Structure formats: C-alpha cells, structure tokens
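Pasted below: data_9.cif, mmCIF, C-alpha atoms and all ligand atoms.
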```
data_entry
#
loop_
_atom_site.label_atom_id
_atom_site.label_comp_id
_atom_site.auth_asym_id
_atom_site.auth_seq_id
_atom_site.Cartn_x
_atom_site.Cartn_y
_atom_site.Cartn_z
CA MET A 1 129.81 152.33 123.09
CA LYS A 2 128.77 155.30 121.01
CA ILE A 3 126.18 158.03 121.47
CA ILE A 4 124.30 159.00 118.34
CA CYS A 5 122.28 162.20 118.51
CA ILE A 6 119.48 163.50 116.34
CA GLY A 7 119.19 167.25 115.85
CA ARG A 8 116.13 169.23 114.72
CA ASN A 9 113.57 166.54 115.41
CA TYR A 10 110.78 168.71 116.89
CA HIS A 11 109.12 171.52 114.91
CA ASP A 12 108.77 173.85 117.90
CA HIS A 13 112.50 173.60 118.68
CA ILE A 14 113.48 174.16 115.01
CA LYS A 15 111.40 177.35 115.13
CA GLU A 16 112.99 178.68 118.33
CA LEU A 17 116.49 178.32 116.81
CA ASN A 18 115.41 179.55 113.34
CA ASN A 19 116.64 176.38 111.66
CA GLU A 20 115.26 174.69 108.55
CA ILE A 21 113.14 171.56 108.74
CA PRO A 22 115.42 168.73 107.58
CA ASP A 23 114.16 166.16 105.06
CA GLU A 24 116.24 163.47 106.75
CA PRO A 25 117.50 163.22 110.33
CA VAL A 26 120.38 165.52 111.33
CA VAL A 27 122.95 163.21 112.93
CA PHE A 28 125.99 163.82 115.11
CA MET A 29 127.85 161.83 117.75
CA LYS A 30 129.25 162.21 121.21
CA PRO A 31 132.05 160.08 122.68
CA ASP A 32 131.51 158.09 125.90
CA SER A 33 133.91 160.54 127.61
CA SER A 34 131.17 163.18 127.37
CA ILE A 35 129.00 161.45 129.98
CA VAL A 36 128.83 163.08 133.41
CA LEU A 37 129.64 160.45 136.02
CA LYS A 38 126.73 159.46 138.27
CA LYS A 39 126.24 161.84 141.21
CA PHE A 40 128.72 164.36 139.81
CA PRO A 41 127.64 167.91 138.91
CA PHE A 42 127.75 169.45 135.45
CA VAL A 43 130.67 171.90 135.40
CA ILE A 44 130.30 174.85 133.01
CA PRO A 45 133.37 174.73 130.74
CA GLU A 46 135.60 177.79 130.41
CA PHE A 47 135.26 178.01 126.62
CA SER A 48 131.57 178.94 126.60
CA GLU A 49 129.41 181.81 127.86
CA ASN A 50 126.19 180.08 126.87
CA ILE A 51 125.66 176.43 127.73
CA GLU A 52 122.11 175.31 126.99
CA TYR A 53 120.26 172.20 128.16
CA GLU A 54 118.41 170.00 125.67
CA THR A 55 116.29 167.29 127.27
CA GLU A 56 115.88 164.19 125.14
CA VAL A 57 114.37 160.73 125.23
CA VAL A 58 117.16 158.18 124.92
CA VAL A 59 116.98 154.73 123.35
CA LYS A 60 119.42 152.00 124.38
CA ILE A 61 120.33 149.47 121.69
CA ASN A 62 120.32 145.83 122.83
CA LYS A 63 121.17 143.97 119.63
CA ILE A 64 123.81 144.42 116.95
CA GLY A 65 122.39 145.58 113.64
CA LYS A 66 123.07 147.15 110.26
CA TYR A 67 120.59 148.19 107.55
CA ILE A 68 117.68 147.77 109.96
CA ASN A 69 114.27 148.20 108.35
CA LYS A 70 111.97 150.41 110.44
CA LYS A 71 109.45 147.56 110.56
CA PHE A 72 111.94 145.56 112.63
CA ALA A 73 113.63 148.44 114.47
CA HIS A 74 111.62 147.81 117.66
CA LYS A 75 113.51 144.51 118.09
CA TYR A 76 116.77 146.41 118.54
CA TYR A 77 115.95 148.26 121.77
CA ASP A 78 114.14 147.40 124.96
CA GLN A 79 115.06 150.28 127.26
CA ILE A 80 114.13 153.93 127.23
CA GLY A 81 115.76 156.67 129.27
CA LEU A 82 116.05 160.41 129.55
CA GLY A 83 119.13 162.60 129.26
CA ILE A 84 120.51 166.03 128.51
CA ASP A 85 122.47 166.99 125.43
CA PHE A 86 124.31 170.05 126.78
CA THR A 87 125.31 172.41 123.99
CA ALA A 88 127.76 175.31 123.95
CA ARG A 89 125.36 177.39 121.85
CA ASP A 90 127.78 180.28 121.28
CA LEU A 91 130.48 177.94 120.01
CA GLN A 92 127.98 175.95 117.94
CA GLN A 93 126.81 179.17 116.29
CA LYS A 94 130.38 180.04 115.29
CA LEU A 95 131.02 176.54 113.94
CA LYS A 96 127.73 176.55 112.00
CA GLU A 97 128.55 179.90 110.42
CA LYS A 98 131.85 178.50 109.18
CA GLY A 99 130.26 175.22 108.05
CA LEU A 100 132.45 173.29 110.49
CA PRO A 101 131.55 170.15 112.47
CA TRP A 102 129.71 170.72 115.77
CA GLU A 103 131.67 168.32 117.97
CA LYS A 104 133.50 170.88 120.07
CA SER A 105 130.17 172.47 121.02
CA LYS A 106 128.25 169.23 121.55
CA SER A 107 130.64 166.48 122.58
CA PHE A 108 132.90 168.01 125.19
CA ASP A 109 133.51 166.37 128.59
CA GLY A 110 130.32 166.61 130.64
CA SER A 111 128.04 167.41 127.71
CA THR A 112 125.98 164.25 128.19
CA VAL A 113 123.75 163.60 131.18
CA MET A 114 122.37 160.08 131.19
CA GLY A 115 119.58 159.33 133.64
CA ASN A 116 117.89 156.07 134.52
CA PHE A 117 116.38 153.62 132.06
CA ILE A 118 113.15 151.67 132.17
CA SER A 119 111.94 148.78 130.11
CA LYS A 120 109.90 149.99 127.16
CA THR A 121 107.20 147.55 128.24
CA GLU A 122 106.55 149.90 131.18
CA LEU A 123 105.52 152.55 128.69
CA ARG A 124 102.22 152.33 126.88
CA ASP A 125 103.67 153.48 123.56
CA VAL A 126 107.21 154.68 122.73
CA ASN A 127 105.62 157.06 120.22
CA ASN A 128 103.63 158.75 122.97
CA ILE A 129 106.06 159.44 125.82
CA ASP A 130 105.49 162.58 127.87
CA PHE A 131 108.69 164.05 129.26
CA SER A 132 109.78 167.27 130.89
CA LEU A 133 112.64 169.21 132.38
CA ASN A 134 112.34 171.10 135.63
CA LEU A 135 114.84 173.92 136.26
CA ASN A 136 115.00 175.16 139.86
CA GLY A 137 111.43 174.04 140.42
CA VAL A 138 109.94 175.41 137.18
CA VAL A 139 109.01 173.26 134.17
CA VAL A 140 110.99 174.67 131.24
CA GLN A 141 110.68 171.89 128.66
CA ASN A 142 107.71 169.72 127.97
CA GLY A 143 107.70 167.23 125.12
CA ASN A 144 105.95 164.22 123.74
CA THR A 145 107.60 161.76 121.37
CA SER A 146 104.46 161.83 119.19
CA ASN A 147 105.72 165.25 118.03
CA MET A 148 109.03 163.93 116.71
CA ILE A 149 109.53 164.53 112.99
CA HIS A 150 111.38 161.21 112.66
CA SER A 151 110.11 158.45 114.97
CA ILE A 152 112.44 156.19 116.95
CA ASP A 153 112.04 153.38 114.41
CA GLU A 154 112.69 155.73 111.47
CA ILE A 155 115.80 157.06 113.20
CA ILE A 156 117.13 153.52 113.69
CA GLU A 157 116.47 152.68 110.03
CA HIS A 158 118.28 155.83 108.92
CA ILE A 159 121.35 155.75 111.14
CA SER A 160 121.93 152.00 110.72
CA GLN A 161 122.56 152.59 107.03
CA TYR A 162 125.72 154.41 108.05
CA PHE A 163 126.70 153.01 111.45
CA THR A 164 126.52 149.47 112.77
CA LEU A 165 124.51 149.65 115.96
CA LYS A 166 125.98 147.74 118.86
CA ILE A 167 124.72 146.61 122.25
CA GLY A 168 124.78 149.54 124.67
CA ASP A 169 124.80 152.28 122.05
CA LEU A 170 122.61 155.24 122.97
CA ILE A 171 120.44 157.30 120.67
CA PHE A 172 119.43 160.81 121.76
CA THR A 173 116.26 161.49 119.82
CA GLY A 174 116.16 165.31 119.78
CA THR A 175 114.80 168.03 122.02
CA PRO A 176 111.51 169.91 122.07
CA SER A 177 111.32 173.70 122.53
CA GLY A 178 112.23 175.47 125.74
CA VAL A 179 116.02 175.03 125.58
CA GLY A 180 117.83 177.58 127.68
CA LYS A 181 120.99 178.68 129.40
CA VAL A 182 122.28 177.12 132.60
CA SER A 183 123.98 179.03 135.39
CA GLU A 184 126.00 178.05 138.42
CA GLY A 185 123.76 176.74 141.19
CA ASP A 186 120.99 175.50 138.88
CA VAL A 187 119.32 172.17 139.59
CA LEU A 188 117.93 170.26 136.60
CA LYS A 189 115.51 167.38 137.02
CA GLY A 190 114.20 165.26 134.17
CA TYR A 191 110.92 163.36 134.17
CA ILE A 192 109.10 160.84 132.03
CA GLY A 193 105.50 161.25 133.11
CA GLU A 194 105.69 161.76 136.87
CA GLN A 195 108.83 159.67 137.33
CA GLU A 196 112.19 161.35 137.94
CA PHE A 197 114.97 160.05 135.65
CA PHE A 198 117.80 162.37 136.61
CA SER A 199 118.73 165.24 138.89
CA ILE A 200 121.88 167.22 138.27
CA ASN A 201 123.47 170.31 139.80
CA VAL A 202 125.34 172.93 137.77
CA LYS A 203 128.70 174.24 139.00
ZN ZN B 1 120.14 167.64 121.10
#
```

Starting from the coordinates I provided, produce the structure as structure tokens.
Ligand code: ZN
Amino acid sequence: MKIICIGRNYHDHIKELNNEIPDEPVVFMKPDSSIVLKKFPFVIPEFSENIEYETEVVVKINKIGKYINKKFAHKYYDQIGLGIDFTARDLQQKLKEKGLPWEKSKSFDGSTVMGNFISKTELRDVNNIDFSLNLNGVVVQNGNTSNMIHSIDEIIEHISQYFTLKIGDLIFTGTPSGVGKVSEGDVLKGYIGEQEFFSINVK
C-alpha cells in the first residue's frame, strides 16, 4: 500500500506559505510506516521544532489502474476519509531551499494520521465536501473540496500516468489554509460535516 499526497492544492494555503500556484499537481509519497497506529498519540519527533498539521480529504483506491482518464476516475474509489499530513515545516524549509526531496520532513514515522472512511455514496458530491480541524476545541482549518485546484478525478488521472494505483492505496488531496504548529498536550479532531473522523493527542 502506498500513500500519495498532493501539495499546493488550495489557493488560500498556497498564499499562507508564499508558494507558487502549480500548473500540475505537486506529488510526493509517504510510506505505510508513517501511519500512526489507531488509538496511539502523535509523538513530536526530536528532529523538528515546528511540526504543523495539514488536514486533508483522503481517497481510498479500490481497483487497480494505470493511465486512468478523469472521466472514469470515479470508478476507482468508493471510500472517502479524513487524515492529517503532519509536516516538519522547519526541516521542509531547509530541504526546499537546497532543492532536495521533502521525504524526511513529510514521511517520517507518525507523520500520517488516518481517520475513518465512509462510502462516497453517503456524501452528496465528492467535489463539495465540507471538512474541518478542531484544535483544543477551536476550529483552525475549514475547507471544502470545491476549492481544490485539481479535483479528485483530475488527481487520479495525473498520478496514474506515473504510478499504478492499487487496491488500498490512499491519496491525500491537499490542505486548505489554517495550518499551524502542534504542541505537547494538544488534541486534534477532524470532521467531515458534523461527523468526527479522527481524534488524536499530541505527546
Ligand atoms: Zn499535505
């Protein structure tokens, strides 16, 4: 199983990090070893002073595919979830400055929180999903997939040109604005609409 992530997919988040708007999806990957085990906390790693949360809608692939046209992309997933792409922002900044790959800042152990999934049929429209992150009782991120620069189906078309998609693969579709630093003792809860998809403590 692989985790494919899309960066810079919401205008408001691109602005807050002073990045350029990409003309095609920014793609990176995380290994399955990055996933926090269910009911375990997120442990701040020693190599970073600035771990930031990025809340993202996640698509689970249910059919093997390569060179998938966006017209047919909807046939390749039937479940939608919500997760966090934790990022060591200080380390990522250093790597970016040197033009080096981001993996150490994005794909370390614990950098992926994967919440529950629901059938996409429970959602009215995958291109109009309201989601949010609540940090210690305060809503800090609020997004809607209608604001994605590249839609879920466009992402699948793009990434499947390079990578064969397999059953169980996860696609993190990018984060809206409001990313921020986590500290010991924080509690992060993710929602699609009113429904809680994950709750994780920071240690
Ligand atoms: Zn992300």

### Residue among A:Asp125, A:Asp109, A:Asp186, A:Glu97 lying closest to A:Val36, counting only C-alpha atoms
A:Asp109

### Task
Within 7 Å of ligand ZN 1 (chain B), which residues show up when you count all atoms listed in the file? List them as number ranges by chain, please.
A: 5-7, 54, 56, 85, 172, 174-175

Could you name the residues that touch A:Lys15 at 12 Å or less, counting all atoms listed in the file, but leaving out those on the same chain fewer than 6 positions away, as a PDB file with C-alpha atoms, in the frame of the given file?
```pdb
ATOM      1  CA  ARG A   8     116.130 169.230 114.720  1.00  0.00           C
ATOM      2  CA  ASN A   9     113.570 166.540 115.410  1.00  0.00           C
ATOM      3  CA  ILE A  21     113.140 171.560 108.740  1.00  0.00           C
ATOM      4  CA  PRO A 176     111.510 169.910 122.070  1.00  0.00           C
ATOM      5  CA  SER A 177     111.320 173.700 122.530  1.00  0.00           C
ATOM      6  CA  GLY A 178     112.230 175.470 125.740  1.00  0.00           C
ATOM      7  CA  VAL A 179     116.020 175.030 125.580  1.00  0.00           C
TER       8      VAL A 179
END
```

### Pick from A:Gly190, A:Gly115, A:Gly99, A:Pro31, whichever lies nearest to A:Val138 using only C-alpha atoms
A:Gly190

Could you give me, as a JSON list (two decimals) with C-alpha atoms, in the frame of the given file, the residues that sit within 12 Å of (124.6, 148.7, 121.0) in the file's coordinates, counting all atoms listed in the file?
```json
[["chain", "number", "residue", "atom", "x", "y", "z"],
["A", 1, "MET", "CA", 129.81, 152.33, 123.09],
["A", 2, "LYS", "CA", 128.77, 155.30, 121.01],
["A", 3, "ILE", "CA", 126.18, 158.03, 121.47],
["A", 4, "ILE", "CA", 124.30, 159.00, 118.34],
["A", 59, "VAL", "CA", 116.98, 154.73, 123.35],
["A", 60, "LYS", "CA", 119.42, 152.00, 124.38],
["A", 61, "ILE", "CA", 120.33, 149.47, 121.69],
["A", 62, "ASN", "CA", 120.32, 145.83, 122.83],
["A", 63, "LYS", "CA", 121.17, 143.97, 119.63],
["A", 64, "ILE", "CA", 123.81, 144.42, 116.95],
["A", 65, "GLY", "CA", 122.39, 145.58, 113.64],
["A", 66, "LYS", "CA", 123.07, 147.15, 110.26],
["A", 76, "TYR", "CA", 116.77, 146.41, 118.54],
["A", 77, "TYR", "CA", 115.95, 148.26, 121.77],
["A", 78, "ASP", "CA", 114.14, 147.40, 124.96],
["A", 79, "GLN", "CA", 115.06, 150.28, 127.26],
["A", 156, "ILE", "CA", 117.13, 153.52, 113.69],
["A", 160, "SER", "CA", 121.93, 152.00, 110.72],
["A", 163, "PHE", "CA", 126.70, 153.01, 111.45],
["A", 164, "THR", "CA", 126.52, 149.47, 112.77],
["A", 165, "LEU", "CA", 124.51, 149.65, 115.96],
["A", 166, "LYS", "CA", 125.98, 147.74, 118.86],
["A", 167, "ILE", "CA", 124.72, 146.61, 122.25],
["A", 168, "GLY", "CA", 124.78, 149.54, 124.67],
["A", 169, "ASP", "CA", 124.80, 152.28, 122.05],
["A", 170, "LEU", "CA", 122.61, 155.24, 122.97],
["A", 171, "ILE", "CA", 120.44, 157.30, 120.67]]
```

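When only C-alpha atoms are used to measure the gap to A:Ser183, the shortest distance among A:Ile80, A:Ile14, A:Met29, A:Ile51 belongs to A:Ile51.
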
### Query
Between A:Val27, A:Val126, A:Val57, A:Met148, which has the minimum distance to A:His13 (counting all atoms listed in the file)?
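Ranking A:Val27, A:Val126, A:Val57, A:Met148 by distance to A:His13, first place goes to A:Met148.
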
### Message
Report as a count of residues only all protein, DNA and RNA residues lying within 9 Å of A:Ile155, evaluated on only C-alpha atoms, omitting residues in the same chain fewer than 2 positions from it.
### Response
14

### Task
Could you please determine the separation between atom CA of A:Phe47 and atom CA of A:Val113 in Å, to one decimal place?
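Atom CA of A:Val113 lies at a distance of 19.0 Å from atom CA of A:Phe47.
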
### Query
Which polymer residues have any atom within 9 Å of an atom of A:Gln93, counting all atoms listed in the file, with same-chain residues fewer than 4 positions away left out, as a VMD selection string?
chain A and resid 88 to 89 97 to 98 102 105

Kindly save the residues from that selection, with C-alpha atoms included, as a PDB file, keeping the file's coordinate frame.
```pdb
ATOM      1  CA  ALA A  88     127.760 175.310 123.950  1.00  0.00           C
ATOM      2  CA  ARG A  89     125.360 177.390 121.850  1.00  0.00           C
ATOM      3  CA  GLU A  97     128.550 179.900 110.420  1.00  0.00           C
ATOM      4  CA  LYS A  98     131.850 178.500 109.180  1.00  0.00           C
ATOM      5  CA  TRP A 102     129.710 170.720 115.770  1.00  0.00           C
ATOM      6  CA  SER A 105     130.170 172.470 121.020  1.00  0.00           C
TER       7      SER A 105
END
```

### Query
Given the choices A:Val202, A:Leu133, A:Lys120, A:Glu194, which gets closest to A:Lys75 if the distance is worked out from all atoms listed in the file?
A:Lys120

### Query
Which polymer residues have any atom within 9 Å of an atom of A:Thr87, counting all atoms listed in the file, with same-chain residues fewer than 3 positions away left out, as a list of chain:residue names?
A:Asn50, A:Ile51, A:Glu52, A:Tyr53, A:Glu54, A:Asp90, A:Leu91, A:Gln92, A:Ser105, A:Lys106, A:Ser107, A:Phe108, A:Ser111
